[in-house]
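Student: I have a structure here, written as structure tokens, and I will follow up with some questions on it.
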Amino acid sequence: MNDFSVIGKRVPKLDALDKATGRAEYGHDVSLPGTLVGKILYANVPHARILHIDTTRAERVRGVKAVLTGKHNPAHKFGYGGDNTPLKADKVRCRRDEVAAVAALDEDAAEESLELIRVEYAELPALFSAEAALAQGAPLVHEERANNLFTRYNYSHGDAERALDDADEIVEQEYHLPYVTHTAMETSFVLAAFDLQGHLTLWSTTQIPFLLQRDLSEALGIPGRDIRVIQPAIGGAFGRGLDVYPFEPICALLAKHSGKPVRIAFTREEEFFATATRQPAHVKMRTAAKRDGTLWARDARVLLDAGAYISWGAVTPLVMMETVASLYRIPHAKFVADVVYSNNPPTGAMRGYGNPQSTFFVETQMDMLAEKLGMDPVEFRLRNANVPNEETPQGLKITSCGLRECITEVAERIGWERRASVISHQSSVISHQLSVISHQSSVSSRQSPIRRGIGIACTLNVGGGARIYRSDGCGATVKVDDFGRVTLVSGSTEIGQGSETALAQIVAEALGVRVEDIMVINSDTSVKPWDVGTHASRTTFIAGNAAWIAANDAKRQIFDAASKLLNVSPDELECRDRMIRVKGDGDASSRMLRNEPRVRDDASGKTIAFDKVVRSMHYREGGAVVIGTGWYDPPTKLVDKDTYKGNISAAYGFGAQAAEVEVDVETGQVRVLQIIAAHDVGRAINPMYVEGQIEGGIQMGVGYALTEELQVREGRILNPSLLDYRVPTALDMPRIESVIIETSDPEGPFGAKGVGEMGGTPTAAAIANAIYNAVGVRLNQLPMTGERVLQAIKEKQRLETGE
């Protein structure tokens, strides 16, 4: 049993009441006096020269205060690839390119103004696949580049080619993975306003407020110190807010030219076609093993379509290669990924950051290989599982690791032993069933078309941040007032995941007070200390460590003062439930509950109220304010730019999921009945939020597996609505059982590791493996729709019958 007062408790979110009652203020609720409506005109042609833009009639619309085109751009490009501008002046490279923008008193005037803008184009040959973009003689998306290859990742350890030749069993497959979009409940929003001194304030749904300051400084050509970013409550992000996008500097430019605050709030349709998506991937993968069940080699070749501009999605191969090279003990691995420009929509970061893709092809091949070896898939995984306190050939320094426990737990809870005994006969039955169906037998003569299957998949994910920037640090301050009220000012960003409450629990535990004593402030760059942003499952680990350091700094000051009042050494003191006492004074809490004197010195020991000590520090000559400061930057490093080796994270999370599915062999429809998810989280600061992160990840994973695909044809989004883009609803979700595996990481705050992304990474692979177990077909394309499953079943029958 852990002797914690707050850590490990299911504490409700600090903002739960505000959100439940509708009092929380989101970006779409923010409006300043005189705020104008901003709207953007998109090109809707995939590749063309801009010959002329006529805004004369648009400028005459009543209520229009500003009309901008590419001629109003600052002389700076921005974005991760340094290849983007707010408005496009000479050329458009995809249909969503922004060619003009207006600011008006209301929506109607803004829309009317956009309709009156006339743009003349000279269309150019367009590229709609990464393969076409790499072909010899392909037109250049960006003429200043020699070709359309943005970058190549080339990683290896051991000798994969030779190992594949020496292996006893090899499996290989091609995979086609789709565009997927974030579908946050709140659409993208920004409000920009300049004061009379030329200082810009931006209200934004960003996940990287301090990096956004820097990026906007480059995009707008103004000093970063003159930019302030305020974050309202954020209604979901999932990686959408990890870069600067054109609509943000456009909004600032409209505010500058109109002299008024301007807000741009995307419609749901805009959210689908004008935001960055998860990039599609074409993968060729081989995996090999020795006859004794030793995992031996992997070789992955990946082609990624980045779209017309480069965002942080171009860095996802770093995470993909981590799964290929370090999930399980793998002595030989090779990973090559090409990131390619095209005239398709730009892609970016999304939850899991490449891991859902790589886990899908790695984990389905683990099952394929187990079958070739004649081994149980669980046994195969256990034999090759990562273990604590080892360094992978890639340079990942694994500290805590509960992968074996995760595998064992999900296998036991799903009833793995049923998998072979109940379903082994189904493959032959399916062929017979399809034959019966094809001859249109009466319904009464048919066997049930429903087949059940069970599958498993595992995951490895960064759990202590990811050093993709030079710094991965976060700052924090802790202030304590006269009444024992504690204010944590954290650099971190709350995007709905409950990080504010987890940080409050860490501070409350460190100080010995209650969670209700803590207020968290983290929404204004002019107030909070620096942080690199919310991504890579880093907030609990990194911001939590910074908060813990700051809280302990404040506690040291308070204990120094208390030691003088109690006439003992500070080292002899502890604080529990707002009472400071000499260690071993077990009666302190009971005396407080009996309302006995707040300072006592008798045979039972010494105790004094927390807030009384703080007041004693303020109400005296030469008094002091109690402010603790903390900064935490994990002991990691950027990967080597030539070998891509290095310890990118201070801790690593592991997990396993088992899925049980039903497949209708007449329609191909797949229904997920249950998912058992066991995840190693180090220590659960708040088990309720850990479960929430796992369950939310599984919901996204089920969508990735079965329904979600942004349909892109010739650069056009064909399904830009929630009616046509099929996000799983509550009715589509299976029973979920979350199993928290605690391993207590030595570097994490109170042993915690990050869990924000792991919940969704193995889900699609577990479902795919369950489908195979049910009907004997392997799906290599996502989503696994009924049409694709049925087609695979019929193809299997054709091969078996020779028809």
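Starting from 1 in every chain, residues are counted up; chains themselves are A, B, ... following the order of the structure tokens, and ligands are numbered from 1 as listed.
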For segment 218-251 of chain A versus segment 533-546 of chain A, which residues have an atom no more than 10 Å away, and what is each residue's nearest atom pair and distance in Å rounded to one decimal, using only C-alpha atoms, chain-then-number order, as CSV?
Tutor:
```
residue,atom,partner,partner_atom,distance
A:Ala237,CA,A:Thr534,CA,9.8
A:Phe238,CA,A:His535,CA,8.5
A:Gly239,CA,A:His535,CA,7.0
A:Gly241,CA,A:Thr534,CA,9.1
A:Leu242,CA,A:His535,CA,7.7
```
Student: Would you put the residues from that selection into a file with N, CA and C atoms, as a short mmCIF file (atom, residue, chain, number, x, y, z; two decimals), in the first residue's frame?
Tutor:
```cif
data_model
loop_
_atom_site.label_atom_id
_atom_site.label_comp_id
_atom_site.auth_asym_id
_atom_site.auth_seq_id
_atom_site.Cartn_x
_atom_site.Cartn_y
_atom_site.Cartn_z
N ALA A 237 -7.99 18.70 -29.16
CA ALA A 237 -6.91 19.12 -30.04
C ALA A 237 -6.30 17.92 -30.77
N PHE A 238 -5.79 16.93 -30.00
CA PHE A 238 -5.28 15.69 -30.58
C PHE A 238 -4.14 15.90 -31.57
N GLY A 239 -3.32 16.95 -31.36
CA GLY A 239 -2.21 17.22 -32.25
C GLY A 239 -2.50 18.30 -33.28
N GLY A 241 -3.14 21.33 -32.85
CA GLY A 241 -2.57 22.63 -32.49
C GLY A 241 -1.08 22.63 -32.28
N LEU A 242 -0.34 21.78 -33.01
CA LEU A 242 1.10 21.66 -32.79
C LEU A 242 1.94 22.43 -33.81
#
```
Student: From a backbone DSSP assignment, name each residue in segment 272-442 of chain A labelled strand (DSSP E or B), as a PyMOL selection string.
Tutor: chain A and resi 277-278+281-289+295-307+332-341+347+390-391+397-398
Student: Set the distance at 9 Å and use only C-alpha atoms: which residues neighbour segment 147-158 of chain A once local chain neighbours fewer than 6 positions away are removed? I'd like the list as a ChimeraX atom specification.
Tutor: /A:81,130,133-134,138-141,297,299,306,310,314,317-318,321,325,331-342,393-394,642-645
Student: Keeping only N, CA, C and O atoms, take the residues you just selected and write them out as a CSV table (one decimal), in the first residue's frame.
Tutor:
```csv
chain,number,residue,atom,x,y,z
A,81,GLY,N,8.5,23.3,-42.4
A,81,GLY,CA,9.3,23.2,-43.6
A,81,GLY,C,9.8,24.6,-44.2
A,81,GLY,O,10.5,24.6,-45.2
A,130,ALA,N,2.2,10.2,-53.6
A,130,ALA,CA,3.6,10.3,-53.3
A,130,ALA,C,4.4,9.6,-54.4
A,130,ALA,O,5.5,10.1,-54.8
A,133,ALA,N,4.7,11.9,-57.3
A,133,ALA,CA,5.6,13.0,-57.0
A,133,ALA,C,7.0,12.7,-57.1
A,133,ALA,O,7.9,13.5,-57.4
A,134,LEU,N,7.3,11.4,-56.9
A,134,LEU,CA,8.8,11.0,-57.0
A,134,LEU,C,9.2,10.5,-58.4
A,134,LEU,O,10.3,10.2,-58.6
A,138,ALA,N,8.6,14.6,-62.8
A,138,ALA,CA,7.4,15.1,-62.1
A,138,ALA,C,7.5,16.6,-61.9
A,138,ALA,O,8.6,17.1,-61.6
A,139,PRO,N,6.4,17.3,-62.1
A,139,PRO,CA,6.4,18.8,-61.9
A,139,PRO,C,6.8,19.0,-60.4
A,139,PRO,O,6.4,18.2,-59.5
A,140,LEU,N,7.4,20.2,-60.1
A,140,LEU,CA,7.8,20.5,-58.8
A,140,LEU,C,6.7,21.2,-58.0
A,140,LEU,O,6.1,22.2,-58.6
A,141,VAL,N,6.4,20.8,-56.8
A,141,VAL,CA,5.4,21.5,-56.0
A,141,VAL,C,6.0,22.8,-55.6
A,141,VAL,O,5.3,23.8,-55.5
A,297,ALA,N,14.3,-10.1,-37.1
A,297,ALA,CA,14.6,-9.0,-38.0
A,297,ALA,C,13.3,-8.3,-38.5
A,297,ALA,O,12.3,-9.0,-38.6
A,299,ASP,N,12.2,-5.2,-41.5
A,299,ASP,CA,12.6,-4.3,-42.6
A,299,ASP,C,11.3,-3.6,-43.1
A,299,ASP,O,10.4,-4.2,-43.6
A,306,ALA,N,3.1,14.0,-47.6
A,306,ALA,CA,3.0,15.1,-46.7
A,306,ALA,C,2.0,16.2,-47.2
A,306,ALA,O,1.6,17.1,-46.4
A,310,ILE,N,4.9,21.4,-45.5
A,310,ILE,CA,5.4,20.5,-44.5
A,310,ILE,C,5.1,21.1,-43.1
A,310,ILE,O,5.4,22.2,-42.7
A,314,ALA,N,5.7,15.6,-40.6
A,314,ALA,CA,6.9,15.1,-41.3
A,314,ALA,C,7.9,14.4,-40.4
A,314,ALA,O,8.8,13.7,-40.8
A,317,PRO,N,8.0,9.8,-38.8
A,317,PRO,CA,8.8,8.6,-38.9
A,317,PRO,C,9.8,8.4,-37.7
A,317,PRO,O,10.1,7.2,-37.5
A,318,LEU,N,10.1,9.4,-36.9
A,318,LEU,CA,10.9,9.1,-35.7
A,318,LEU,C,10.2,8.2,-34.8
A,318,LEU,O,10.8,7.3,-34.1
A,321,MET,N,9.7,4.6,-36.5
A,321,MET,CA,10.9,3.7,-36.5
A,321,MET,C,11.2,3.2,-35.0
A,321,MET,O,11.7,2.1,-34.8
A,325,ALA,N,11.9,-0.6,-34.5
A,325,ALA,CA,13.2,-0.9,-34.0
A,325,ALA,C,13.3,-1.3,-32.5
A,325,ALA,O,14.3,-2.0,-32.1
A,331,PRO,N,17.0,-7.9,-32.7
A,331,PRO,CA,18.4,-7.7,-32.9
A,331,PRO,C,18.8,-7.0,-34.3
A,331,PRO,O,19.9,-6.4,-34.4
A,332,HIS,N,17.9,-7.1,-35.2
A,332,HIS,CA,18.2,-6.5,-36.6
A,332,HIS,C,17.0,-5.7,-37.0
A,332,HIS,O,15.8,-6.3,-37.0
A,333,ALA,N,17.2,-4.5,-37.4
A,333,ALA,CA,16.1,-3.7,-37.9
A,333,ALA,C,16.5,-2.7,-38.9
A,333,ALA,O,17.6,-2.1,-38.8
A,334,LYS,N,15.7,-2.5,-39.9
A,334,LYS,CA,15.9,-1.4,-40.9
A,334,LYS,C,14.6,-0.7,-41.2
A,334,LYS,O,13.6,-1.3,-41.3
A,335,PHE,N,14.7,0.6,-41.3
A,335,PHE,CA,13.5,1.5,-41.5
A,335,PHE,C,13.9,2.6,-42.4
A,335,PHE,O,14.8,3.4,-42.1
A,336,VAL,N,13.2,2.7,-43.5
A,336,VAL,CA,13.5,3.8,-44.5
A,336,VAL,C,12.1,4.4,-44.8
A,336,VAL,O,11.2,3.7,-45.1
A,337,ALA,N,12.1,5.7,-44.6
A,337,ALA,CA,10.8,6.5,-44.9
A,337,ALA,C,11.1,7.7,-45.7
A,337,ALA,O,12.0,8.5,-45.4
A,338,ASP,N,10.3,7.9,-46.8
A,338,ASP,CA,10.4,9.1,-47.6
A,338,ASP,C,9.2,9.9,-47.3
A,338,ASP,O,8.0,9.5,-47.4
A,339,VAL,N,9.4,11.2,-47.1
A,339,VAL,CA,8.4,12.2,-46.9
A,339,VAL,C,8.3,13.1,-48.1
A,339,VAL,O,9.3,13.7,-48.5
A,340,VAL,N,7.2,13.1,-48.8
A,340,VAL,CA,7.1,13.6,-50.1
A,340,VAL,C,6.1,14.7,-50.2
A,340,VAL,O,5.0,14.6,-49.7
A,341,TYR,N,6.4,15.8,-51.0
A,341,TYR,CA,5.5,16.8,-51.3
A,341,TYR,C,4.5,16.3,-52.4
A,341,TYR,O,4.9,15.5,-53.3
A,342,SER,N,3.2,16.8,-52.4
A,342,SER,CA,2.3,16.5,-53.4
A,342,SER,C,1.3,17.7,-53.5
A,342,SER,O,1.5,18.7,-52.7
A,393,PRO,N,18.9,-1.6,-29.0
A,393,PRO,CA,19.9,-1.2,-30.0
A,393,PRO,C,19.7,0.2,-30.6
A,393,PRO,O,20.7,0.8,-31.0
A,394,GLN,N,18.5,0.7,-30.5
A,394,GLN,CA,18.2,2.0,-31.0
A,394,GLN,C,18.7,3.1,-30.1
A,394,GLN,O,18.8,4.3,-30.4
A,642,ASP,N,22.4,11.6,-38.1
A,642,ASP,CA,22.8,10.6,-39.2
A,642,ASP,C,22.3,9.2,-38.9
A,642,ASP,O,21.9,8.5,-39.9
A,643,THR,N,22.3,8.8,-37.7
A,643,THR,CA,22.0,7.4,-37.4
A,643,THR,C,20.5,7.3,-36.8
A,643,THR,O,20.0,6.2,-36.8
A,644,TYR,N,19.9,8.4,-36.4
A,644,TYR,CA,18.6,8.4,-35.7
A,644,TYR,C,18.6,7.6,-34.5
A,644,TYR,O,17.5,7.1,-34.0
A,645,LYS,N,19.7,7.4,-33.9
A,645,LYS,CA,19.8,6.6,-32.6
A,645,LYS,C,19.9,7.6,-31.4
A,645,LYS,O,20.4,8.7,-31.6
```
Student: Could you check the closest approach to Asp305 of chain A for each of A:Ser113, A:Asn355, A:Ser129, A:Thr459 and tell me which residue wins, using only C-alpha atoms?
Tutor: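 Checking each candidate against Asp305 of chain A, we get A:Ser129 as the closest.
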Student: Can you list, as a list in words, every protein, DNA or RNA residue that comes within 12 Å of Val712 of chain A when you count only C-alpha atoms, leaving out same-chain residues fewer than 3 positions away?
Tutor: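 These residues fall inside the cut-off: Pro46, Cys94, Arg95, Phe128, Ser129, Pro178, Tyr179, Val180, Thr181, Phe272, Phe273, Thr277, Gln279, Pro280, Asp305, Gly307, Asn343, Asn344, Pro345, Pro346, Glu709, Gly715, Arg716, Ile717, Leu718, Asn719, Pro720 and Tyr725 of chain A.
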Student: For the selection just defined, write its residues with N, CA, C and O atoms to a file, as a tab-separated table (two decimals), in the first residue's frame.
Tutor:
```tsv
chain	number	residue	atom	x	y	z
A	46	PRO	N	-6.01	22.58	-57.57
A	46	PRO	CA	-4.90	21.90	-56.90
A	46	PRO	C	-3.51	22.46	-57.18
A	46	PRO	O	-2.62	22.36	-56.34
A	94	CYS	N	-2.41	23.54	-53.54
A	94	CYS	CA	-3.47	22.60	-53.19
A	94	CYS	C	-4.79	23.36	-53.14
A	94	CYS	O	-4.81	24.59	-53.09
A	95	ARG	N	-5.87	22.61	-53.12
A	95	ARG	CA	-7.19	23.24	-53.20
A	95	ARG	C	-7.50	24.11	-51.97
A	95	ARG	O	-8.29	25.04	-52.06
A	128	PHE	N	-1.08	13.76	-57.29
A	128	PHE	CA	-2.03	13.33	-56.28
A	128	PHE	C	-1.61	12.07	-55.55
A	128	PHE	O	-2.43	11.42	-54.89
A	129	SER	N	-0.36	11.69	-55.67
A	129	SER	CA	0.16	10.57	-54.89
A	129	SER	C	1.65	10.79	-54.68
A	129	SER	O	2.32	11.47	-55.47
A	178	PRO	N	-4.84	5.30	-44.42
A	178	PRO	CA	-5.57	6.43	-45.02
A	178	PRO	C	-5.30	7.77	-44.35
A	178	PRO	O	-4.66	7.87	-43.31
A	179	TYR	N	-5.82	8.81	-45.00
A	179	TYR	CA	-5.97	10.11	-44.34
A	179	TYR	C	-6.99	9.97	-43.20
A	179	TYR	O	-8.04	9.35	-43.37
A	180	VAL	N	-6.67	10.56	-42.07
A	180	VAL	CA	-7.60	10.60	-40.95
A	180	VAL	C	-7.52	12.00	-40.36
A	180	VAL	O	-6.45	12.62	-40.34
A	181	THR	N	-8.65	12.52	-39.88
A	181	THR	CA	-8.65	13.86	-39.33
A	181	THR	C	-9.03	13.85	-37.85
A	181	THR	O	-9.58	12.87	-37.35
A	272	PHE	N	-12.73	20.17	-41.76
A	272	PHE	CA	-12.35	18.97	-42.50
A	272	PHE	C	-11.37	19.27	-43.61
A	272	PHE	O	-10.42	18.51	-43.82
A	273	PHE	N	-11.58	20.35	-44.37
A	273	PHE	CA	-10.71	20.52	-45.55
A	273	PHE	C	-9.57	21.51	-45.34
A	273	PHE	O	-8.65	21.54	-46.16
A	277	THR	N	-4.09	16.93	-41.55
A	277	THR	CA	-4.63	15.61	-41.24
A	277	THR	C	-3.50	14.64	-40.90
A	277	THR	O	-2.32	14.96	-41.07
A	279	GLN	N	-1.22	11.81	-41.99
A	279	GLN	CA	-0.80	11.55	-43.35
A	279	GLN	C	-1.02	10.09	-43.74
A	279	GLN	O	-0.91	9.19	-42.93
A	280	PRO	N	-1.37	9.85	-45.01
A	280	PRO	CA	-1.51	8.48	-45.50
A	280	PRO	C	-0.13	7.85	-45.67
A	280	PRO	O	0.88	8.55	-45.82
A	305	ASP	N	2.85	10.72	-47.82
A	305	ASP	CA	2.41	11.88	-48.60
A	305	ASP	C	2.18	13.03	-47.63
A	305	ASP	O	1.19	13.06	-46.90
A	307	GLY	N	1.68	16.17	-48.46
A	307	GLY	CA	0.84	17.23	-49.01
A	307	GLY	C	1.66	18.40	-49.50
A	307	GLY	O	2.87	18.30	-49.73
A	343	ASN	N	0.32	17.63	-54.33
A	343	ASN	CA	-0.71	18.67	-54.39
A	343	ASN	C	-1.96	18.27	-53.61
A	343	ASN	O	-3.05	18.80	-53.82
A	344	ASN	N	-1.78	17.35	-52.68
A	344	ASN	CA	-2.85	16.95	-51.78
A	344	ASN	C	-2.88	17.86	-50.55
A	344	ASN	O	-1.97	18.68	-50.35
A	345	PRO	N	-3.90	17.74	-49.70
A	345	PRO	CA	-3.96	18.60	-48.51
A	345	PRO	C	-2.76	18.38	-47.60
A	345	PRO	O	-2.26	17.25	-47.48
A	346	PRO	N	-2.28	19.43	-46.95
A	346	PRO	CA	-1.16	19.29	-46.01
A	346	PRO	C	-1.53	18.38	-44.85
A	346	PRO	O	-2.69	18.33	-44.40
A	709	GLU	N	-12.06	7.47	-42.59
A	709	GLU	CA	-11.17	7.72	-43.73
A	709	GLU	C	-11.60	9.02	-44.38
A	709	GLU	O	-12.74	9.15	-44.83
A	715	GLY	N	-6.99	15.75	-54.84
A	715	GLY	CA	-6.75	16.85	-53.91
A	715	GLY	C	-7.99	17.41	-53.26
A	715	GLY	O	-7.92	18.36	-52.48
A	716	ARG	N	-9.16	16.84	-53.55
A	716	ARG	CA	-10.42	17.35	-53.02
A	716	ARG	C	-10.92	16.43	-51.89
A	716	ARG	O	-10.89	15.20	-52.03
A	717	ILE	N	-11.39	17.03	-50.79
A	717	ILE	CA	-12.00	16.27	-49.71
A	717	ILE	C	-13.45	15.98	-50.10
A	717	ILE	O	-14.25	16.90	-50.30
A	718	LEU	N	-13.80	14.70	-50.19
A	718	LEU	CA	-15.13	14.32	-50.65
A	718	LEU	C	-16.15	14.17	-49.53
A	718	LEU	O	-17.36	14.14	-49.80
A	719	ASN	N	-15.69	14.04	-48.30
A	719	ASN	CA	-16.63	13.81	-47.20
A	719	ASN	C	-16.37	14.77	-46.03
A	719	ASN	O	-16.09	14.34	-44.91
A	720	PRO	N	-16.50	16.08	-46.27
A	720	PRO	CA	-16.18	17.06	-45.23
A	720	PRO	C	-17.35	17.34	-44.27
A	720	PRO	O	-17.75	18.48	-44.07
A	725	TYR	N	-18.14	11.53	-42.80
A	725	TYR	CA	-16.91	11.05	-42.15
A	725	TYR	C	-17.34	10.35	-40.87
A	725	TYR	O	-17.82	10.99	-39.93
```
Student: Pick out the residues sitting within 8 Å of Leu706 of chain A, and hand them over as a list in words; count only C-alpha atoms, and ignore anything fewer than 2 positions along from it in its own chain.
Tutor: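 Final neighbour list, sorted by chain and number: Val670, Val702, Gly703, Tyr704, Glu708, Ala764, Leu782, Pro783, Met784 and Thr785 of chain A.
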Student: Limited to N, CA, C and O atoms, could you put the picked residues into a file as a compact mmCIF listing (two decimals), in the first residue's frame?
Tutor:
```txt
# COMPACT_ATOMS: atom_id res chain seq x y z
N VAL A 670 -18.15 -5.66 -39.24
CA VAL A 670 -17.43 -6.05 -38.03
C VAL A 670 -18.01 -5.30 -36.84
O VAL A 670 -18.20 -4.08 -36.90
N VAL A 702 -10.77 2.58 -32.60
CA VAL A 702 -11.86 1.85 -33.26
C VAL A 702 -12.24 2.56 -34.56
O VAL A 702 -12.47 1.92 -35.59
N GLY A 703 -12.27 3.90 -34.52
CA GLY A 703 -12.55 4.64 -35.75
C GLY A 703 -11.49 4.41 -36.80
O GLY A 703 -11.80 4.21 -37.99
N TYR A 704 -10.23 4.44 -36.39
CA TYR A 704 -9.12 4.20 -37.33
C TYR A 704 -9.23 2.81 -37.93
O TYR A 704 -8.97 2.60 -39.12
N GLU A 708 -13.13 5.36 -40.08
CA GLU A 708 -12.68 6.71 -40.40
C GLU A 708 -11.71 6.72 -41.58
O GLU A 708 -10.65 6.07 -41.55
N ALA A 764 -6.34 -0.84 -33.58
CA ALA A 764 -6.62 -1.32 -34.94
C ALA A 764 -5.95 -2.66 -35.19
O ALA A 764 -6.54 -3.56 -35.82
N LEU A 782 -6.66 0.11 -44.14
CA LEU A 782 -7.59 0.71 -43.18
C LEU A 782 -8.39 1.80 -43.87
O LEU A 782 -7.90 2.44 -44.80
N PRO A 783 -9.64 2.03 -43.38
CA PRO A 783 -10.35 1.24 -42.36
C PRO A 783 -10.84 -0.09 -42.93
O PRO A 783 -11.00 -0.24 -44.14
N MET A 784 -11.10 -1.03 -42.01
CA MET A 784 -11.55 -2.36 -42.40
C MET A 784 -13.07 -2.35 -42.49
O MET A 784 -13.78 -2.86 -41.62
N THR A 785 -13.57 -1.71 -43.54
CA THR A 785 -15.00 -1.56 -43.75
C THR A 785 -15.63 -2.91 -44.10
O THR A 785 -14.93 -3.87 -44.48
```
Student: Ile736 of chain A: which residues within 8 Å, counting only C-alpha atoms, same-chain residues fewer than 6 positions away excluded, as a list in words?
Tutor: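 Contacts, with the query itself left out: Gln674, Ile675, Ile676, Ala677 and Glu695 of chain A.
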Student: Could you pull out the residues in segment 27-66 of chain A that DSSP calls helix (DSSP H, G or I) from the backbone, as a list of chain:residue names?
Tutor: A:Gly27, A:His28, A:Asp29, A:Thr56, A:Arg57, A:Ala58, A:Glu59
Student: Write to file, as a PDB file, in the first residue's frame, the residues of the selection just made, with C-alpha atoms.
Tutor:
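What landed in out22.pdb:
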```
ATOM      1  CA  GLY A  27     -12.575  30.165 -27.940  1.00  0.00           C
ATOM      2  CA  HIS A  28     -15.861  30.444 -29.807  1.00  0.00           C
ATOM      3  CA  ASP A  29     -17.302  32.227 -26.747  1.00  0.00           C
ATOM      4  CA  THR A  56     -12.603  45.848 -56.146  1.00  0.00           C
ATOM      5  CA  ARG A  57     -16.217  44.789 -55.709  1.00  0.00           C
ATOM      6  CA  ALA A  58     -15.465  42.911 -52.492  1.00  0.00           C
ATOM      7  CA  GLU A  59     -14.052  46.046 -50.893  1.00  0.00           C
TER       8      GLU A  59
END
```
